[in-house]
Amino acid sequence: MAIEPYHGRLRRSGVRRLSAALTAGVMALAAITVVQQPANADTPWLAVSQDRYASFSVPAAYIQEHLGSVSQVVVEGNFGPSSTVAEFGLTRRGDAWSGFLGPLEPGLYHYQVTADDTLSLKDPTNSTSVASNPLWSTFLVAGDSARWLVDAPSGAGGKVETLTYRTRNGDRSALVWTPPGYAAKGPEGPKGPKDYPALFLQSGDGVAATDWLDLGRTKQILDNLSAEGAMKPMVVVISDANGSDDKELTDLRKAVADRYRVLRDPAHQAIAGVSDGATQALGAALAKPGQFAYVGWFSGLSAPNVDRKDAKAINRGVKLLRLYTGNVTDPAHNPTYRLTKALDRADVRFEFDGVNPDGGANWRTWQENLVDFVPRLFGHVSDHGPSPGHQPLKGEFSPPPAGTTPTPFVTEDGFVTFETGTEFKDAQHVTVWANWAPGGSWLRVPMTREGDRWRLTVGPLKPWFYYYRFIVDRVAVKDVANPTKVTSEPMWSTFFIPGPGARLLSDVPAGQGGKVESMTYSSTVAGQDRTALVWTPPGYDPGRSQPYPVLYLQHGSGQSYTDWVEMGRAKQILDHQFLDGDLVPMVVVMGNGNSSNFNRELLENIVPTARARYNISSESSQQALAGLSMGGGQALGVLKAYPGEFAYVAALSAGFGSGTGVDVAAINNGTKMLRLYVGDQTDFVYPSFMASLTTLNNLGIRYEFDGVTPGPHGWDVWQKNLIDLAPRLFKR
């Protein structure tokens, strides 16, 4: 099943989260490696716009040739919350699998193409590579927060070369960055007088030394820091800590001193590492206090024992011990907390950079760690506090024990833990599919097997309304532990993260909001009784002398009359806006638009029944009609056929269509407001919508365009559209 944007719903047509170890093969876990062949064409599969949208277009013929017939194609990459690896579903359109994703935060992204969960290949049109995983490609999204990751101007950077050295376990190699202006040692001794401090960067379990360059952008970071004068000139040695020990580290240090112009005294030696490399770095520094004056712990997974009796020697020999960790999605979060407590008990001095609230166990986090750490080496630094925006490490994170609570489990700071039951213990690939991509698009984040269940913690998610389902071996499954339901999509569940940005989507205090009730009407079009939902404002008076204005609010294709309440949060939005004094008291009728003749369904069935049952106006100036997607097209269809019947008309993610036979004068004279909305380029109707604006302009029809609403063809956009629309009604 491919995951695709939808016309009013998500059609069912057709990696795991990086651990602190960032295992080299994690994105292709349980995948079949495909030998790469030349592309059928030179057209790039990936294009990134200046406004940070990524467009993927994978030729279906290429997939067929190299993978065979498949039912779904996804792009796996670090697109998820906290830069976790997630699956972005592509849609088969004509001769390509394609999709838009964005806007992406500035930074480096890596990705591969995967079909049917197990068949993976590299993008052959992207010349970038990752040595530790031949299926990955990378791309850089430019922006101020990623300024350290860009290539330095030509000639301004340092050089990287490979150093091969001998250990008792055989020859090993390391990567060495030398700063601009570095003069090598000659065969008969130094060519120049200057020697440099040295920083040793350790990789972690499953993290290759080359990842520091391919994924960590270490050369670019060092080049840019050097160019700005933000770091002391130094030699940086990048080594693979996998399977190495302290003796091999000693061998490496000797080889570096023999080959490079470096200062050998401990005051000019620094060490840092990621994951298990951080554990090794700290262990080396503490085991023999004084051999490294500067120590960096980047998401270490286990802390060495720290004895109080060693505190004096450590504090005397270690000038800087600085700790870094990501948020609770980083497996290092809890070990780092335990390490801070152990160091405090032992009276060992250290600095803590604070919890990176938006980073997990991945190179996005470690790049930031390196940018903070390197300028602190071998010189005086006045600022010893956390990085801007980083937070205190208050304690260990422990989601509820398995099977003890309904899911999802939501923390106050927006981290969400999902858990399956035991019925999927034999599954091979389980993901959580939700609207948590940039702008509210949809991503699937892989879950991890824990015993006979699957679990996932993801976040932080911004305050908003979310909907999701499990995908188990490519089959959509509802989270049965979540009591929420969506009538038109039985596999969906929902959850809400409160916060100021989502206030209008939250429930108002009990007893203060309006009422939603069912209205049954006889449909002469469908030949059966049907149902609408009707919201009446707080204090609604059926005997009021002045009838209430009325908004007829329509859903999209594949949806039904329940969706504006269950998914659109219409009740919450209207309740809040009424209580805030922003809303003219009105009645809102949400009818069933799944009809072969919507004009008749609305005007002959829904409207007469609503007028008979509710105290609403029949005056055109007091009637509004709006809808999303298909419902927006229906609203515009009524406008064309019955201009002036509804003085207020709005279309959400829908185009005007042909202008043939349109009575422009009647529309302009009878319509007080025609307001149009659309999502960004991830909304698949965006091209046709923009074309329809030209049609309206050419016809001379007056309209208002709210501008692009960031987000896809989905509820994140339509909720924002209703928030904008409702307070504008019946005020002209």
# chains A, B, ... in the order shown; residues from 1 in each chain; ligands from 1
$ residues_around --residues "Pro331 in chain A" --least-positions-apart "3" --cutoff "12 Å" --atoms "only C-alpha atoms" --output "PyMOL selection string"
chain A and resi 17-22+274-276+298-302+325-328+334-337+359-362+396-398+457
$ residues_around --residues "range 525-538 of chain A" --least-positions-apart "2" --cutoff "8 Å" --atoms "only C-alpha atoms" --output "PyMOL selection string"
chain A and resi 512-523+540+561-562+571+575+578+585-592+595-597+600-601+606
$ closest_atom_pairs --of "range 544-630 of chain A" --to "range 665-679 of chain A" --cutoff "10 Å" --atoms "only C-alpha atoms" --output "Markdown table"
| residue | atom | partner | partner_atom | distance |
| --- | --- | --- | --- | --- |
| A:Ser620 | CA | A:Gly670 | CA | 8.3 |
| A:Ser621 | CA | A:Lys672 | CA | 7.8 |
| A:Ala624 | CA | A:Met673 | CA | 9.3 |
| A:Leu625 | CA | A:Leu674 | CA | 9.8 |
| A:Ala626 | CA | A:Arg675 | CA | 9.2 |
| A:Leu628 | CA | A:Tyr677 | CA | 9.1 |
| A:Ser629 | CA | A:Val678 | CA | 9.3 |
$ write_last_selection --atoms "all heavy atoms" --output "mmCIF file, in the first residue's frame"
data_model
loop_
_atom_site.group_PDB
_atom_site.id
_atom_site.type_symbol
_atom_site.label_atom_id
_atom_site.label_comp_id
_atom_site.auth_asym_id
_atom_site.auth_seq_id
_atom_site.Cartn_x
_atom_site.Cartn_y
_atom_site.Cartn_z
ATOM 1 N N SER A 620 -30.388 35.345 1.900
ATOM 2 C CA SER A 620 -29.093 35.024 1.302
ATOM 3 C C SER A 620 -27.952 35.706 2.041
ATOM 4 O O SER A 620 -26.856 35.149 2.163
ATOM 5 C CB SER A 620 -29.082 35.419 -0.171
ATOM 6 O OG SER A 620 -29.276 36.817 -0.307
ATOM 7 N N SER A 621 -28.185 36.897 2.540
ATOM 8 C CA SER A 621 -27.134 37.629 3.243
ATOM 9 C C SER A 621 -26.760 36.978 4.567
ATOM 10 O O SER A 621 -25.733 37.316 5.166
ATOM 11 C CB SER A 621 -27.569 39.070 3.502
ATOM 12 O OG SER A 621 -28.692 39.106 4.374
ATOM 13 N N ALA A 624 -24.164 31.058 4.450
ATOM 14 C CA ALA A 624 -22.801 30.830 3.972
ATOM 15 C C ALA A 624 -22.659 29.369 3.579
ATOM 16 O O ALA A 624 -23.314 28.479 4.146
ATOM 17 C CB ALA A 624 -21.784 31.192 5.050
ATOM 18 N N LEU A 625 -21.804 29.116 2.620
ATOM 19 C CA LEU A 625 -21.539 27.762 2.140
ATOM 20 C C LEU A 625 -20.034 27.607 1.965
ATOM 21 O O LEU A 625 -19.392 28.425 1.300
ATOM 22 C CB LEU A 625 -22.256 27.519 0.813
ATOM 23 C CG LEU A 625 -22.003 26.169 0.129
ATOM 24 C CD1 LEU A 625 -22.482 25.008 0.999
ATOM 25 C CD2 LEU A 625 -22.698 26.130 -1.236
ATOM 26 N N ALA A 626 -19.476 26.565 2.572
ATOM 27 C CA ALA A 626 -18.040 26.313 2.463
ATOM 28 C C ALA A 626 -17.800 24.811 2.440
ATOM 29 O O ALA A 626 -18.621 24.025 2.927
ATOM 30 C CB ALA A 626 -17.286 26.955 3.630
ATOM 31 N N LEU A 628 -14.361 21.643 1.878
ATOM 32 C CA LEU A 628 -12.969 21.308 1.607
ATOM 33 C C LEU A 628 -12.886 20.302 0.466
ATOM 34 O O LEU A 628 -13.751 19.444 0.316
ATOM 35 C CB LEU A 628 -12.293 20.749 2.860
ATOM 36 C CG LEU A 628 -12.784 19.403 3.405
ATOM 37 C CD1 LEU A 628 -12.040 18.217 2.767
ATOM 38 C CD2 LEU A 628 -12.634 19.356 4.913
ATOM 39 N N SER A 629 -11.871 20.450 -0.351
ATOM 40 C CA SER A 629 -11.595 19.507 -1.436
ATOM 41 C C SER A 629 -12.851 19.292 -2.277
ATOM 42 O O SER A 629 -13.375 20.234 -2.855
ATOM 43 C CB SER A 629 -11.053 18.202 -0.850
ATOM 44 O OG SER A 629 -10.513 17.387 -1.845
#
$ atom_distance --atom1 "CA of Thr162 in chain A" --atom2 "CA of Asp372 in chain A"
25.4 Å
$ residues_around --residues "Gly385 in chain A" --least-positions-apart "5" --cutoff "12 Å" --atoms "only C-alpha atoms" --output "list of chain:residue names"
A:Arg322, A:Leu323, A:Tyr324, A:Phe350, A:Glu351, A:Phe352, A:Asp353, A:Gly354, A:Val355, A:Asp372, A:Phe373, A:Arg376, A:His390, A:Gln391, A:Pro392
$ write_last_selection --atoms "C-alpha atoms" --output "PDB file, in the first residue's frame"
ATOM      1  CA  ARG A 322      31.723  18.648  28.652  1.00  0.00           C
ATOM      2  CA  LEU A 323      28.673  16.421  28.314  1.00  0.00           C
ATOM      3  CA  TYR A 324      26.103  16.448  25.497  1.00  0.00           C
ATOM      4  CA  PHE A 350      32.190  18.974  34.415  1.00  0.00           C
ATOM      5  CA  GLU A 351      30.050  21.112  32.160  1.00  0.00           C
ATOM      6  CA  PHE A 352      26.714  20.116  30.674  1.00  0.00           C
ATOM      7  CA  ASP A 353      25.529  21.542  27.374  1.00  0.00           C
ATOM      8  CA  GLY A 354      21.902  20.920  28.327  1.00  0.00           C
ATOM      9  CA  VAL A 355      19.396  18.618  26.666  1.00  0.00           C
ATOM     10  CA  ASP A 372      29.943  23.874  20.380  1.00  0.00           C
ATOM     11  CA  PHE A 373      32.870  21.739  21.564  1.00  0.00           C
ATOM     12  CA  ARG A 376      36.246  25.539  23.610  1.00  0.00           C
ATOM     13  CA  HIS A 390      18.933  23.685  25.588  1.00  0.00           C
ATOM     14  CA  GLN A 391      17.150  22.487  28.682  1.00  0.00           C
ATOM     15  CA  PRO A 392      17.999  21.060  32.121  1.00  0.00           C
TER      16      PRO A 392
END
$ closest_residue --among "A:Val236, A:Leu579, A:Val664, A:Ala510" --to "Gly539 in chain A" --atoms "only C-alpha atoms"
A:Leu579
$ atom_distance --atom1 "CA of Ser239 in chain A" --atom2 "CA of Ala152 in chain A"
23.2 Å
$ atom_distance --atom1 "CA of Asp123 in chain A" --atom2 "CA of Gly77 in chain A"
12.3 Å
$ residues_around --residues "range 201-210 of chain A" --least-positions-apart "3" --cutoff "10 Å" --atoms "only C-alpha atoms" --output "JSON, numbers by chain"
{"A": [19, 20, 21, 22, 23, 24, 25, 26, 130, 131, 132, 133, 173, 174, 175, 176, 198, 213, 214, 215, 216, 217, 218, 236, 237, 238, 239, 240, 241, 242, 243, 249, 270, 271, 272, 273, 274, 275, 276, 277, 278, 279, 280, 281, 296, 298, 299, 300, 301, 370]}
$ write_last_selection --atoms "C-alpha atoms" --output "compact mmCIF listing (two decimals), in the first residue's frame"
# COMPACT_ATOMS: atom_id res chain seq x y z
CA SER A 19 19.93 4.22 17.92
CA ALA A 20 22.78 5.88 19.69
CA ALA A 21 24.96 3.42 17.89
CA LEU A 22 23.55 4.58 14.54
CA THR A 23 24.20 1.12 13.16
CA ALA A 24 25.52 1.42 9.66
CA GLY A 25 22.88 -0.80 8.19
CA VAL A 26 19.93 0.44 10.20
CA VAL A 130 28.02 7.42 2.29
CA ALA A 131 30.96 5.03 2.56
CA SER A 132 29.47 3.04 5.42
CA ASN A 133 26.19 2.45 3.58
CA SER A 173 43.46 3.59 9.54
CA ALA A 174 42.25 6.99 10.63
CA LEU A 175 41.21 10.20 8.90
CA VAL A 176 43.20 13.32 9.68
CA ALA A 198 45.36 17.52 18.52
CA LEU A 213 32.72 13.26 7.07
CA ASP A 214 29.81 11.84 5.04
CA LEU A 215 27.08 12.44 7.63
CA GLY A 216 28.70 14.63 10.29
CA ARG A 217 30.09 17.16 7.77
CA THR A 218 33.11 17.41 10.05
CA VAL A 236 41.82 16.55 14.15
CA VAL A 237 42.11 12.77 14.04
CA ILE A 238 38.99 10.73 13.29
CA SER A 239 39.15 7.05 14.13
CA ASP A 240 36.91 4.02 14.18
CA ALA A 241 36.45 2.99 17.80
CA ASN A 242 34.75 -0.28 16.90
CA GLY A 243 36.72 -3.11 18.42
CA LEU A 249 44.37 4.46 21.08
CA ALA A 270 41.65 16.48 23.43
CA ILE A 271 39.33 13.54 22.88
CA ALA A 272 35.61 13.19 22.15
CA GLY A 273 33.31 10.60 20.69
CA VAL A 274 29.76 9.66 19.81
CA SER A 275 27.80 6.80 21.32
CA ASP A 276 30.20 4.07 22.44
CA GLY A 277 33.00 6.30 21.20
CA ALA A 278 31.96 8.80 23.87
CA THR A 279 32.16 6.08 26.51
CA GLN A 280 35.63 5.13 25.29
CA ALA A 281 36.76 8.74 25.20
CA GLY A 296 33.72 15.58 25.07
CA PHE A 298 28.45 13.11 22.69
CA SER A 299 25.50 10.83 23.52
CA GLY A 300 27.49 8.22 25.41
CA LEU A 301 25.68 4.98 26.12
CA LEU A 370 30.96 19.46 17.52
$ closest_residue --among "A:Ala184, A:Leu461, A:Ala47, A:Leu90" --to "Gln72 in chain A" --atoms "only C-alpha atoms"
A:Leu90
$ select_by_dssp --residues "range 91-211 of chain A" --states "helix (DSSP H, G or I)" --output "list in words"
Asp144, Ser145, Ala146, Arg147, Trp148, Leu149 and Asp211 of chain A
$ residues_around --residues "Val75 in chain A" --least-positions-apart "3" --cutoff "7 Å" --atoms "only C-alpha atoms" --output "JSON, numbers by chain"
{"A": [87, 88, 89, 111, 112, 113, 114]}
$ residues_around --residues "Arg168 in chain A" --least-positions-apart "3" --cutoff "10 Å" --atoms "only C-alpha atoms" --output "MDAnalysis selection string"
chainID A and resid 171:172 247:248 251
$ closest_residue --among "A:Trp297, A:Lys309, A:Leu135, A:Gln577" --to "Asn369 in chain A" --atoms "only C-alpha atoms"
A:Trp297
$ select_by_dssp --residues "range 16-235 of chain A" --states "strand (DSSP E)" --output "PyMOL selection string"
chain A and resi 32-33+46-48+54-59+73-77+86-89+91-93+96-101+107-115+119-121+137-141+159-167+170-178+185-186+189-190+198-202+235
$ closest_residue --among "A:Trp136, A:Trp564, A:Phe646, A:Trp212" --to "Gln367 in chain A" --atoms "only C-alpha atoms"
A:Trp212
$ decode --residues "range 381-409 of chain A" --atoms "N, CA, C and O atoms" --output "PDB file, in the first residue's frame"
ATOM      1  N   VAL A 381      37.759  30.274  27.434  1.00  0.00           N
ATOM      2  CA  VAL A 381      36.353  30.435  27.072  1.00  0.00           C
ATOM      3  C   VAL A 381      35.616  30.963  28.290  1.00  0.00           C
ATOM      4  O   VAL A 381      35.721  30.394  29.381  1.00  0.00           O
ATOM      5  N   SER A 382      34.872  32.022  28.101  1.00  0.00           N
ATOM      6  CA  SER A 382      34.176  32.625  29.247  1.00  0.00           C
ATOM      7  C   SER A 382      32.809  32.000  29.498  1.00  0.00           C
ATOM      8  O   SER A 382      32.309  32.023  30.628  1.00  0.00           O
ATOM      9  N   ASP A 383      32.191  31.451  28.451  1.00  0.00           N
ATOM     10  CA  ASP A 383      30.841  30.897  28.581  1.00  0.00           C
ATOM     11  C   ASP A 383      30.932  29.396  28.836  1.00  0.00           C
ATOM     12  O   ASP A 383      31.386  28.629  27.982  1.00  0.00           O
ATOM     13  N   HIS A 384      30.471  28.974  29.995  1.00  0.00           N
ATOM     14  CA  HIS A 384      30.535  27.552  30.353  1.00  0.00           C
ATOM     15  C   HIS A 384      29.147  26.932  30.497  1.00  0.00           C
ATOM     16  O   HIS A 384      29.016  25.804  30.964  1.00  0.00           O
ATOM     17  N   GLY A 385      28.137  27.683  30.102  1.00  0.00           N
ATOM     18  CA  GLY A 385      26.776  27.202  30.263  1.00  0.00           C
ATOM     19  C   GLY A 385      26.282  26.403  29.074  1.00  0.00           C
ATOM     20  O   GLY A 385      27.023  26.106  28.132  1.00  0.00           O
ATOM     21  N   PRO A 386      24.995  26.052  29.086  1.00  0.00           N
ATOM     22  CA  PRO A 386      24.412  25.274  27.990  1.00  0.00           C
ATOM     23  C   PRO A 386      24.235  26.117  26.734  1.00  0.00           C
ATOM     24  O   PRO A 386      24.251  27.340  26.779  1.00  0.00           O
ATOM     25  N   SER A 387      24.060  25.433  25.616  1.00  0.00           N
ATOM     26  CA  SER A 387      23.782  26.118  24.359  1.00  0.00           C
ATOM     27  C   SER A 387      22.414  26.780  24.427  1.00  0.00           C
ATOM     28  O   SER A 387      21.523  26.327  25.166  1.00  0.00           O
ATOM     29  N   PRO A 388      22.207  27.850  23.670  1.00  0.00           N
ATOM     30  CA  PRO A 388      20.900  28.526  23.676  1.00  0.00           C
ATOM     31  C   PRO A 388      19.773  27.555  23.336  1.00  0.00           C
ATOM     32  O   PRO A 388      19.880  26.766  22.389  1.00  0.00           O
ATOM     33  N   GLY A 389      18.717  27.620  24.122  1.00  0.00           N
ATOM     34  CA  GLY A 389      17.556  26.774  23.882  1.00  0.00           C
ATOM     35  C   GLY A 389      17.638  25.395  24.484  1.00  0.00           C
ATOM     36  O   GLY A 389      16.635  24.666  24.505  1.00  0.00           O
ATOM     37  N   HIS A 390      18.815  25.002  24.966  1.00  0.00           N
ATOM     38  CA  HIS A 390      18.933  23.685  25.588  1.00  0.00           C
ATOM     39  C   HIS A 390      18.350  23.711  26.996  1.00  0.00           C
ATOM     40  O   HIS A 390      18.279  24.765  27.631  1.00  0.00           O
ATOM     41  N   GLN A 391      17.959  22.563  27.468  1.00  0.00           N
ATOM     42  CA  GLN A 391      17.150  22.487  28.682  1.00  0.00           C
ATOM     43  C   GLN A 391      17.836  21.676  29.771  1.00  0.00           C
ATOM     44  O   GLN A 391      18.724  20.869  29.484  1.00  0.00           O
ATOM     45  N   PRO A 392      17.416  21.857  31.027  1.00  0.00           N
ATOM     46  CA  PRO A 392      17.999  21.060  32.121  1.00  0.00           C
ATOM     47  C   PRO A 392      17.697  19.574  31.949  1.00  0.00           C
ATOM     48  O   PRO A 392      16.695  19.196  31.333  1.00  0.00           O
ATOM     49  N   LEU A 393      18.553  18.760  32.497  1.00  0.00           N
ATOM     50  CA  LEU A 393      18.350  17.309  32.497  1.00  0.00           C
ATOM     51  C   LEU A 393      17.727  16.951  33.840  1.00  0.00           C
ATOM     52  O   LEU A 393      18.410  16.788  34.842  1.00  0.00           O
ATOM     53  N   LYS A 394      16.390  16.849  33.849  1.00  0.00           N
ATOM     54  CA  LYS A 394      15.664  16.758  35.114  1.00  0.00           C
ATOM     55  C   LYS A 394      15.636  15.356  35.697  1.00  0.00           C
ATOM     56  O   LYS A 394      15.448  15.176  36.899  1.00  0.00           O
ATOM     57  N   GLY A 395      15.766  14.352  34.855  1.00  0.00           N
ATOM     58  CA  GLY A 395      15.698  12.981  35.358  1.00  0.00           C
ATOM     59  C   GLY A 395      15.637  12.004  34.218  1.00  0.00           C
ATOM     60  O   GLY A 395      15.659  12.373  33.044  1.00  0.00           O
ATOM     61  N   GLU A 396      15.564  10.738  34.562  1.00  0.00           N
ATOM     62  CA  GLU A 396      15.490   9.708  33.543  1.00  0.00           C
ATOM     63  C   GLU A 396      14.083   9.646  32.951  1.00  0.00           C
ATOM     64  O   GLU A 396      13.094   9.973  33.617  1.00  0.00           O
ATOM     65  N   PHE A 397      14.022   9.243  31.710  1.00  0.00           N
ATOM     66  CA  PHE A 397      12.742   9.087  31.028  1.00  0.00           C
ATOM     67  C   PHE A 397      12.370   7.612  31.023  1.00  0.00           C
ATOM     68  O   PHE A 397      13.140   6.773  30.561  1.00  0.00           O
ATOM     69  N   SER A 398      11.188   7.319  31.522  1.00  0.00           N
ATOM     70  CA  SER A 398      10.710   5.943  31.548  1.00  0.00           C
ATOM     71  C   SER A 398       9.232   5.931  31.194  1.00  0.00           C
ATOM     72  O   SER A 398       8.390   6.332  32.004  1.00  0.00           O
ATOM     73  N   PRO A 399       8.894   5.500  29.982  1.00  0.00           N
ATOM     74  CA  PRO A 399       7.474   5.354  29.654  1.00  0.00           C
ATOM     75  C   PRO A 399       6.858   4.246  30.490  1.00  0.00           C
ATOM     76  O   PRO A 399       7.578   3.434  31.092  1.00  0.00           O
ATOM     77  N   PRO A 400       5.551   4.204  30.584  1.00  0.00           N
ATOM     78  CA  PRO A 400       4.907   3.178  31.411  1.00  0.00           C
ATOM     79  C   PRO A 400       5.328   1.775  30.984  1.00  0.00           C
ATOM     80  O   PRO A 400       5.627   1.529  29.811  1.00  0.00           O
ATOM     81  N   PRO A 401       5.382   0.841  31.922  1.00  0.00           N
ATOM     82  CA  PRO A 401       5.727  -0.547  31.572  1.00  0.00           C
ATOM     83  C   PRO A 401       4.779  -1.104  30.518  1.00  0.00           C
ATOM     84  O   PRO A 401       3.623  -0.666  30.399  1.00  0.00           O
ATOM     85  N   ALA A 402       5.267  -2.036  29.759  1.00  0.00           N
ATOM     86  CA  ALA A 402       4.489  -2.615  28.665  1.00  0.00           C
ATOM     87  C   ALA A 402       3.147  -3.129  29.154  1.00  0.00           C
ATOM     88  O   ALA A 402       3.052  -3.797  30.182  1.00  0.00           O
ATOM     89  N   GLY A 403       2.103  -2.785  28.414  1.00  0.00           N
ATOM     90  CA  GLY A 403       0.779  -3.307  28.689  1.00  0.00           C
ATOM     91  C   GLY A 403       0.060  -2.688  29.856  1.00  0.00           C
ATOM     92  O   GLY A 403      -1.009  -3.168  30.250  1.00  0.00           O
ATOM     93  N   THR A 404       0.592  -1.578  30.416  1.00  0.00           N
ATOM     94  CA  THR A 404      -0.023  -1.016  31.621  1.00  0.00           C
ATOM     95  C   THR A 404      -0.889   0.207  31.365  1.00  0.00           C
ATOM     96  O   THR A 404      -1.567   0.667  32.276  1.00  0.00           O
ATOM     97  N   THR A 405      -0.884   0.741  30.150  1.00  0.00           N
ATOM     98  CA  THR A 405      -1.634   1.969  29.905  1.00  0.00           C
ATOM     99  C   THR A 405      -2.095   2.016  28.462  1.00  0.00           C
ATOM    100  O   THR A 405      -1.436   1.456  27.584  1.00  0.00           O
ATOM    101  N   PRO A 406      -3.238   2.636  28.203  1.00  0.00           N
ATOM    102  CA  PRO A 406      -3.618   2.837  26.794  1.00  0.00           C
ATOM    103  C   PRO A 406      -2.564   3.672  26.076  1.00  0.00           C
ATOM    104  O   PRO A 406      -1.857   4.470  26.690  1.00  0.00           O
ATOM    105  N   THR A 407      -2.462   3.472  24.794  1.00  0.00           N
ATOM    106  CA  THR A 407      -1.530   4.287  24.026  1.00  0.00           C
ATOM    107  C   THR A 407      -2.318   5.259  23.156  1.00  0.00           C
ATOM    108  O   THR A 407      -3.480   5.016  22.854  1.00  0.00           O
ATOM    109  N   PRO A 408      -1.716   6.362  22.718  1.00  0.00           N
ATOM    110  CA  PRO A 408      -0.342   6.696  23.055  1.00  0.00           C
ATOM    111  C   PRO A 408      -0.223   7.356  24.430  1.00  0.00           C
ATOM    112  O   PRO A 408      -1.172   7.948  24.929  1.00  0.00           O
ATOM    113  N   PHE A 409       0.979   7.268  24.989  1.00  0.00           N
ATOM    114  CA  PHE A 409       1.327   7.922  26.243  1.00  0.00           C
ATOM    115  C   PHE A 409       2.015   9.236  25.894  1.00  0.00           C
ATOM    116  O   PHE A 409       3.037   9.249  25.215  1.00  0.00           O
TER     117      PHE A 409
END
